[in-house]
Amino acid sequence: DTEVTQTPKHLVMGMTNKKSLKCEQHMGHRAMYWYKQKAKKPPELMFVYSYEKLSINESVPSRFSPECPNSSLLNLHLHALQPEDSALYLCASTPDSSYEQYFGPGTRLTVT
Amino acid sequence: GEDVEQSLFLSVREGDSSVINCTYTDSSSTYLYWYKQEPGAGLQLLTYIFSNMDMKQDQRLTVLLNKKDKHLSLRIADTQTGDSAIYFCAEREGYSTLTFGKGTMLLVSP
């Protein structure tokens with residue numbers, strides 16, 4: 001089983017809203033990632049969690065706030081976003097002993 | 001810094017072979033990956049190759065690695081319309097993060 005799940009599938013939010021994206025994997029993977037992908041572009045890394053601790057923050061604005069409550073769950077809290085933040089947000093995870101990185105289906109975010 | 005380059009577009013007819021090419025600059029890359037992304041979907045890991053290998057075959061997919069020229073290719077045999085998607089090449093050094101190419105859009109016509 002190499003499934004990473006993400007909810008919601010689609011999200012529309014206003015610039016003053018607060019919302020959260022959720023990612024889950026039950027494969028025992030200890031590294032989890034958030035990526036942002038604009039149309040027809042490659043994914044851009046935002047955050048990396050390793051053993052539930054934030055190990056990489058790619059200079060992401062503070063209106064994006066990641067959280068890793070446990071080894072299976074990764075959240076991305078959104079507040080005061082801008083229209084240019086509209087994108088596909090992808091979660092991924094990697095097993096300890098492997099170099100494979102598995103992606104979820106993504107959340108399509110539209111900021112109005 | 002690391003850089004991964006791909007051609008942007010490839011068009012083939014159903015039943016033909018497709019070859020998608022990728023070049024990278026980081027000579028210390030240890031793993032190289034091919035991902036497939038269909039419209040509106042996430043990235044699907046197709047295959048990957050360790051840098052000490054020259055070739056890897058998995059059903060209709062063949063990956064060739066020329067480490068001297070830093071050139072990676074993905075050959076899809078008997079290409080089907082369901083293979084139409086964007087294909088991303090990515091490289092990784094050790095336990096570091098992935099560096100993606102810009103993606104190649106493969107269009108398969110009947």
# chains A, B, ... in the order shown; residues from 1 in each chain; ligands from 1
$ select_by_dssp --residues "chain A" --states "strand (DSSP E or B)" --output "count of residues only"
64
$ residues_around --residues "A:Pro8" --least-positions-apart "4" --cutoff "10 Å" --atoms "only C-alpha atoms" --output "list in words"
Ser20, Leu21, Lys22, Cys23, Gly106, Thr107, Arg108 and Leu109 of chain A
$ write_last_selection --atoms "C-alpha atoms" --output "PDB file, in the first residue's frame"
ATOM      1  CA  SER A  20      -6.631  23.809   6.878  1.00  0.00           C
ATOM      2  CA  LEU A  21      -5.435  21.150   4.464  1.00  0.00           C
ATOM      3  CA  LYS A  22      -4.980  17.612   5.728  1.00  0.00           C
ATOM      4  CA  CYS A  23      -2.681  14.815   4.632  1.00  0.00           C
ATOM      5  CA  GLY A 106      -3.489  17.098  -3.981  1.00  0.00           C
ATOM      6  CA  THR A 107      -5.884  19.815  -2.852  1.00  0.00           C
ATOM      7  CA  ARG A 108      -6.878  22.339  -5.515  1.00  0.00           C
ATOM      8  CA  LEU A 109      -6.970  25.680  -3.668  1.00  0.00           C
TER       9      LEU A 109
END
$ atom_distance --atom1 "atom CA of B:Tyr31" --atom2 "atom CA of B:Gln59"
20.2 Å
$ closest_residue --among "A:Thr16, A:Gln37, A:Gln82, A:Ser65" --to "chain B" --atoms "only C-alpha atoms"
A:Gln37
$ decode --residues "stretch 83-106 of chain B" --atoms "C-alpha atoms" --output "mmCIF file, in the first residue's frame"
data_model
loop_
_atom_site.group_PDB
_atom_site.id
_atom_site.type_symbol
_atom_site.label_atom_id
_atom_site.label_comp_id
_atom_site.auth_asym_id
_atom_site.auth_seq_id
_atom_site.Cartn_x
_atom_site.Cartn_y
_atom_site.Cartn_z
ATOM 1 C CA ASP B 83 -0.151 7.469 -21.312
ATOM 2 C CA SER B 84 -0.969 11.083 -22.222
ATOM 3 C CA ALA B 85 0.214 13.118 -19.243
ATOM 4 C CA ILE B 86 3.052 15.323 -18.016
ATOM 5 C CA TYR B 87 6.213 13.395 -17.158
ATOM 6 C CA PHE B 88 8.612 14.864 -14.605
ATOM 7 C CA CYS B 89 12.216 13.856 -14.254
ATOM 8 C CA ALA B 90 13.690 14.423 -10.776
ATOM 9 C CA GLU B 91 17.057 13.918 -9.151
ATOM 10 C CA ARG B 92 18.125 13.466 -5.569
ATOM 11 C CA GLU B 93 21.456 13.486 -3.792
ATOM 12 C CA GLY B 94 21.485 11.129 -0.836
ATOM 13 C CA TYR B 95 18.771 12.012 1.664
ATOM 14 C CA SER B 96 18.297 15.510 0.303
ATOM 15 C CA THR B 97 15.151 16.757 -1.363
ATOM 16 C CA LEU B 98 14.050 16.178 -4.949
ATOM 17 C CA THR B 99 14.886 18.606 -7.747
ATOM 18 C CA PHE B 100 12.306 18.407 -10.535
ATOM 19 C CA GLY B 101 12.549 19.238 -14.204
ATOM 20 C CA LYS B 102 9.870 21.431 -15.758
ATOM 21 C CA GLY B 103 8.013 18.412 -17.123
ATOM 22 C CA THR B 104 7.391 17.003 -20.605
ATOM 23 C CA MET B 105 3.822 16.934 -21.874
ATOM 24 C CA LEU B 106 3.254 13.687 -23.794
#
